[in-house]
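Below is one structure; the comments refer to it alone.
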There are 6 protein chains.
Amino acid sequence: MTVIRVINPNSNKAVTDGLAASLKHFAVPGRLDIVCDTLEAGPIGIESQRDMDAVTLPLLARMKARKADAYVIACFSDPGLALCRSEIDAPVFGIMESSMAMALTRGDLFGIIALSKNAVRRHRRIIRGLGLLPRMAGERPVDTSVADSAKPEAFDSLARAGLTLTEEDAADVLIMGCAGMARHRAMLEATCKVPVIDPTQAAVSLAKGALLASINV
Amino acid sequence: MTVIRVINPNSNKAVTDGLAASLKHFAVPGRLDIVCDTLEAGPIGIESQRDMDAVTLPLLARMKARKADAYVIACFSDPGLALCRSEIDAPVFGIMESSMAMALTRGDLFGIIALSKNAVRRHRRIIRGLGLLPRMAGERPVDTSVADSAKPEAFDSLARAGLTLTEEDAADVLIMGCAGMARHRAMLEATCKVPVIDPTQAAVSLAKGALLASINV
Amino acid sequence: MTVIRVINPNSNKAVTDGLAASLKHFAVPGRLDIVCDTLEAGPIGIESQRDMDAVTLPLLARMKARKADAYVIACFSDPGLALCRSEIDAPVFGIMESSMAMALTRGDLFGIIALSKNAVRRHRRIIRGLGLLPRMAGERPVDTSVADSAKPEAFDSLARAGLTLTEEDAADVLIMGCAGMARHRAMLEATCKVPVIDPTQAAVSLAKGALLASINV
Amino acid sequence: MTVIRVINPNSNKAVTDGLAASLKHFAVPGRLDIVCDTLEAGPIGIESQRDMDAVTLPLLARMKARKADAYVIACFSDPGLALCRSEIDAPVFGIMESSMAMALTRGDLFGIIALSKNAVRRHRRIIRGLGLLPRMAGERPVDTSVADSAKPEAFDSLARAGLTLTEEDAADVLIMGCAGMARHRAMLEATCKVPVIDPTQAAVSLAKGALLASINV
Amino acid sequence: MTVIRVINPNSNKAVTDGLAASLKHFAVPGRLDIVCDTLEAGPIGIESQRDMDAVTLPLLARMKARKADAYVIACFSDPGLALCRSEIDAPVFGIMESSMAMALTRGDLFGIIALSKNAVRRHRRIIRGLGLLPRMAGERPVDTSVADSAKPEAFDSLARAGLTLTEEDAADVLIMGCAGMARHRAMLEATCKVPVIDPTQAAVSLAKGALLASINV
Amino acid sequence: MTVIRVINPNSNKAVTDGLAASLKHFAVPGRLDIVCDTLEAGPIGIESQRDMDAVTLPLLARMKARKADAYVIACFSDPGLALCRSEIDAPVFGIMESSMAMALTRGDLFGIIALSKNAVRRHRRIIRGLGLLPRMAGERPVDTSVADSAKPEAFDSLARAGLTLTEEDAADVLIMGCAGMARHRAMLEATCKVPVIDPTQAAVSLAKGALLASINV
């Protein structure tokens, strides 16, 4: 049995449960399992550079402690991605990087719905480092927390940000910029009339692709 | 039953059979089927701009004639991709674009093993148009045909190109630049010591991700 | 006698006549002739990706059937340009590419007046592929058809788009983004106070340059 | 009668004569005249930053003293181009900028044959400022003077540089990086098998295009 | 005694005095002296391309006439920088280039407060030539002269431009785009809540760094 | 008394002593003090992603424990820079970022002499994130450790890398890519005939500039 381990680096079990729900159709019964883990040592939400840097080493420790065939780091700023890749033999995917990779195949310019103005600033340098700024229409913050973004009542502000991105910034595909927003995906897509990408689903899709390629000799 | 239709735009049935073999583990029994089609109207291999432009309209006609939930155009130059996307409601994936999206998550600089010097020239403008040249280490031609690249004896020249890309051009992930090269993937990976991406497997992985996200409401 | 063949890939004879009028001073009596052709097989206006891909092979066929020393494809999306260049020995010019080349020598940032939002989207990837996005101030659609853009009453909306490009987007040179707009050039220049480039005139100028260089041994 | 004034900013009358010879077919008898001027105050060849900056104000003075409908500054580093454009109402063309604009329509990557290593260094920042480095395959110096580059015996070293650019650097169009090299154009084209652009011919072609557009109301 | 010579290329002695005042703490008593010079031959303010080109050769002459261990050209458009560097052995710093170098270490996106719309246009090509446009949030003109920008009453318009840059354009560090604005630095920083860089102070800091490194063997 | 605290994040006291020696002329007696600290909790050399991520939080803790007016993180990969900037009010400088800022004012293309192939790979993404890859001629590894690079016998391999960068890669300014290489600066400059930048000296120069500007109200 092949296993993809999705690690939620915040300690909010509700977010992990949301991840598991959003991934329930991504497992392949009898062949490929998807396990969602909570990093209990993490903060309740990763919302600052400090939160990011605090989980880097714990993430690596968790991967070393709990084996898997591939790993997904389920926080949109991709904390610990460089470290885990440098020390872990299995492929490691960050959900931010993966969501942009997926978005490149669904439209010409992607827009990101972010949690906060600070997140936008943090992401910009990462996205520039990936060389993908020329494909970004914009990133718009909704000013909420990881936990609150997962609640039904967050939908309206996400939709407003999404519509600004499509109508003013010319985005033709949207990325939800937080691991906790999965429940809003289908409704956002219906409202904004462009593909909407959940970053964890994107990362798991890429992880599955890498693993199935290895199996398929 | 969800269906991904992979269309080989050349008329070489052996290439289509190779595609089907390379994707056999990517279907999900009872839930997601992968159908590989040959475009009988296509040339025996797509090796020139003329070959590309000749299959554009037939590809669209085929998608309109044979319904699916997502389509993959299985030729590395992504012929007809813009057209099919503009006319077909279902998501359409090109294997070149998809392979680069996947590669972005497996290394910093990708190298492409191409069929010919002409292909390299043709690809460069497409890759620049995608804004991804800054992530390309290089593209090296092996000077062969689509049909020949699928044969076991092609391996040595593919491996030489791959090693040049990793050792001289600093590629840390390789892309096989033709739909017919799938059989060489595992051996190339063992030889070159970096992840090697089969473009059709990459496109199917992304297509699956898009479809599973829609199912997973 | 040297001949430049300007092919209007739409079947609207009025557009071809407009091209001929706009080029009447570009011929060199007794030395260089400019012939304007209508591609009868084309759609009445090229306004979608489908329209573009539909004229690709007919354009090549026309060039093979009617010899010339250089060719101009007189549709702003440059349909068939890659194909014709790969099969025709004579130089082939696209009016979109040529208009941007000319614009680079008349200002720092060019603005494009486009027919429609869809055209803007289609052009963006082409312009990125040419590496010229850093020189583009913006592209503004006027939401009209090829045929209507050629009429006197289109002037006001073209001027509004032009002024937005110069005043808000900082364009210091304007490109008329359709082969049919030639009659508006001088008035737009007077209104917007920056050089305004007709794309077909730009392409013919470059074609003449290439041919005269060959003659001038 | 419309007049294009081509100013050779060096004081070498032989170079001016070469320019006139290379442009003899670009005039339109009875309609458009091309006048080649020598800037007697200039150095014998413009080969350093000092040479460039020394001719800036004299170039402007010359344009103010001798009227024309358009001007061409016939030195490959485009000295005085920004100044003359800011003070002269008529369009002003630099031969370096013009040659690259022309090259963009003849191939995907241009290569420049330069006089010296210092010229390469000086040009690089200008080309980056124009945003055109992504379209440059490379620039190769031949280590000669303006005067010597115009002599028949310079051909071999120009051809060697050209072949390095096409074979090693993947240039598919070449630019002769000095106003004095015009006589070598046809032979270089025959030897290197790609279009070869003389920069003064390119600038005059663009100037003619701008003027004919104004005439053609 | 090591000497840095700061040359004000305009003939406004009040600006030179302002420079000297803004640098009074940058000298190192007994070790490193900073001398501020007025280029009497310069215009009263450098506000056009002509002003820039007019001071190029006089700047070089001044450097040759009055020796120093390093030079700073204290005009924000960096006139004569390429020339002086090519002829002078000592390091030469331009205040525009230096201010951007400093800004790169104080924020992700810099904003520039410029004197005029024309200055913005002139700077854009220089900044593109330096490859730094991707780090620029924007440049906003205040429409004043060099002399007036140095007066206390200029503060309000500078502050307005600064706040537009931080609030609308997302600048997180500001550059004062003229040598004469030094007196406003601290108050602008207090008002805009981001680091504000005086370009001459930046250039002198870099010059000191280069000289101290040489001394520190 | 103003204090700049330079923190060596590795625990090798010899490296810290080297830093202090390289900075002895950068202090301003009686006004500005430079204190060099060893982070005892750090590894003996920072040579992997793990080493980098391990010192991130300790660096922040050290800054909070030992106050200063500005901080310099003296490790070429700039570990902890984003974190410290987000939590510390005083300006924080990384030596890699600072060295490139300084290099931009000393030449057009910088070359970096790195410790190892892995460092080159790690740096590339950071430099791309800073938007500075277009100004990099190349980065060449010498395959040594932090400690060994500080020894006299390392000079030959540093010089070989430097000459490759200037002669093959066209670098016109060199950066020593490790905090421990300071002793080689002058000799490298003499050998390679281009300015050579010690990154810690660059960072301290920028820090001094920021502090002196604040003092100079």
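As shown in the structure tokens, the chain order sets the letters A, B, ...; within each chain, residues go from 1, and ligands are also counted from 1 in the order they appear.
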
Please report as CSV every residue of chain E lying within 6 Å of chain F, along with the nearest atom pair and their distance in Å (one decimal), using only C-alpha atoms.
residue,atom,partner,partner_atom,distance
E:Ala101,CA,F:Ala101,CA,4.6
E:Ser205,CA,F:Gly209,CA,4.9
E:Gly209,CA,F:Ser205,CA,4.9

Could you write out that same residue set with N, CA and C atoms as a JSON list (two decimals), in the first residue's frame?
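Okay, this is what ended up in part.json:
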[["chain", "number", "residue", "atom", "x", "y", "z"],
["E", 101, "ALA", "N", 20.21, 50.29, -4.71],
["E", 101, "ALA", "CA", 20.98, 49.21, -4.07],
["E", 101, "ALA", "C", 20.67, 49.19, -2.58],
["E", 205, "SER", "N", 27.52, 56.12, 1.63],
["E", 205, "SER", "CA", 27.69, 54.91, 2.45],
["E", 205, "SER", "C", 28.40, 53.82, 1.65],
["E", 209, "GLY", "N", 32.15, 52.26, 2.15],
["E", 209, "GLY", "CA", 32.36, 50.82, 2.25],
["E", 209, "GLY", "C", 33.47, 50.36, 1.32]]

Tell me, as an mmCIF file with N, CA, C and O atoms, in the first residue's frame, which residues lie within 12 Å of Asp143 of chain E, counting only C-alpha atoms; anything in the same chain fewer than 5 positions away does not count.
data_model
loop_
_atom_site.group_PDB
_atom_site.id
_atom_site.type_symbol
_atom_site.label_atom_id
_atom_site.label_comp_id
_atom_site.auth_asym_id
_atom_site.auth_seq_id
_atom_site.Cartn_x
_atom_site.Cartn_y
_atom_site.Cartn_z
ATOM 1 N N GLU E 47 16.939 68.882 -15.012
ATOM 2 C CA GLU E 47 15.525 68.519 -15.103
ATOM 3 C C GLU E 47 15.116 68.018 -16.485
ATOM 4 O O GLU E 47 13.947 67.752 -16.731
ATOM 5 N N ILE E 113 9.929 58.837 -5.140
ATOM 6 C CA ILE E 113 9.259 60.135 -5.236
ATOM 7 C C ILE E 113 10.072 60.978 -6.213
ATOM 8 O O ILE E 113 11.221 61.327 -5.935
ATOM 9 N N ALA E 114 9.482 61.253 -7.378
ATOM 10 C CA ALA E 114 10.221 61.942 -8.443
ATOM 11 C C ALA E 114 9.790 63.397 -8.559
ATOM 12 O O ALA E 114 8.731 63.780 -8.064
ATOM 13 N N LEU E 115 10.603 64.170 -9.240
ATOM 14 C CA LEU E 115 10.286 65.585 -9.435
ATOM 15 C C LEU E 115 9.169 65.795 -10.453
ATOM 16 O O LEU E 115 8.323 66.655 -10.287
ATOM 17 N N SER E 116 9.169 65.004 -11.518
ATOM 18 C CA SER E 116 8.241 65.293 -12.619
ATOM 19 C C SER E 116 7.941 64.039 -13.418
ATOM 20 O O SER E 116 8.659 63.036 -13.333
ATOM 21 N N LYS E 117 6.879 64.118 -14.190
ATOM 22 C CA LYS E 117 6.483 63.029 -15.074
ATOM 23 C C LYS E 117 7.603 62.698 -16.066
ATOM 24 O O LYS E 117 7.826 61.533 -16.389
ATOM 25 N N ASN E 118 8.286 63.737 -16.548
ATOM 26 C CA ASN E 118 9.396 63.490 -17.463
ATOM 27 C C ASN E 118 10.514 62.712 -16.793
ATOM 28 O O ASN E 118 11.143 61.852 -17.410
ATOM 29 N N ALA E 119 10.770 63.031 -15.528
ATOM 30 C CA ALA E 119 11.813 62.305 -14.805
ATOM 31 C C ALA E 119 11.439 60.831 -14.689
ATOM 32 O O ALA E 119 12.272 59.938 -14.879
ATOM 33 N N VAL E 120 10.168 60.576 -14.411
ATOM 34 C CA VAL E 120 9.702 59.183 -14.289
ATOM 35 C C VAL E 120 10.015 58.424 -15.568
ATOM 36 O O VAL E 120 10.535 57.303 -15.551
ATOM 37 N N ASP E 148 12.918 73.945 -5.607
ATOM 38 C CA ASP E 148 11.734 73.985 -4.746
ATOM 39 C C ASP E 148 11.595 72.742 -3.890
ATOM 40 O O ASP E 148 11.072 72.794 -2.780
ATOM 41 N N SER E 149 12.052 71.593 -4.423
ATOM 42 C CA SER E 149 11.893 70.353 -3.653
ATOM 43 C C SER E 149 12.705 70.393 -2.362
ATOM 44 O O SER E 149 12.465 69.622 -1.439
ATOM 45 N N ALA E 154 7.763 72.054 0.517
ATOM 46 C CA ALA E 154 7.568 70.931 -0.419
ATOM 47 C C ALA E 154 7.100 69.675 0.302
ATOM 48 O O ALA E 154 6.628 68.719 -0.325
ATOM 49 N N SER E 157 3.586 67.774 -0.466
ATOM 50 C CA SER E 157 3.403 67.027 -1.710
ATOM 51 C C SER E 157 4.288 65.781 -1.733
ATOM 52 O O SER E 157 3.900 64.743 -2.258
ATOM 53 N N LEU E 158 5.480 65.858 -1.138
ATOM 54 C CA LEU E 158 6.320 64.657 -1.044
ATOM 55 C C LEU E 158 5.613 63.586 -0.210
ATOM 56 O O LEU E 158 5.604 62.403 -0.555
ATOM 57 N N ALA E 161 2.848 61.893 -2.163
ATOM 58 C CA ALA E 161 3.385 60.911 -3.122
ATOM 59 C C ALA E 161 3.860 59.667 -2.370
ATOM 60 O O ALA E 161 3.628 58.530 -2.805
ATOM 61 N N GLY E 177 13.713 60.954 -4.819
ATOM 62 C CA GLY E 177 14.302 60.951 -6.151
ATOM 63 C C GLY E 177 14.945 62.254 -6.561
ATOM 64 O O GLY E 177 14.826 62.647 -7.729
#

Determine which residues of chain C DSSP labels as helix (DSSP H, G or I) from the backbone of this structure, then write them out as a ChimeraX atom specification. /C:13-22,49-65,81-87,95-104,117-129,133-135,146-149,152-167,179-192,199-215

Determine which residues of segment 5-207 of chain A receive a DSSP assignment of strand (DSSP E or B), computed from the backbone, and state them as an MDAnalysis selection string. chainID A and resid 5:8 28 32:38 70:73 92:94 110:114 136:141 173:176 196:197

Can you pull out every residue within 12 Å of Val15 of chain B, counting only C-alpha atoms, but drop anything in the same chain fewer than 4 positions away, and send it as a VMD selection string? chain B and resid 6 to 11 19 to 22 36 to 39 44 to 46 74 to 75 145 to 151 178 to 183 200

Would you mind reading off the distance between atom CA of Ile112 of chain B and atom CA of Thr191 of chain B, one decimal, in Å?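 Taking atom CA of Ile112 of chain B as the start and atom CA of Thr191 of chain B as the end point, the length is 15.5 Å.
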
Gap from atom CA of Val72 of chain C to atom CA of Gly138 of chain D - Å, one decimal: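 Calculated distance between atom CA of Val72 of chain C and atom CA of Gly138 of chain D is 28.4 Å.
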
Work out how far atom CA of Phe76 of chain D is from atom CA of Thr166 of chain D, in Å to one decimal.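 Between atom CA of Thr166 of chain D and atom CA of Phe76 of chain D the gap is 20.7 Å.
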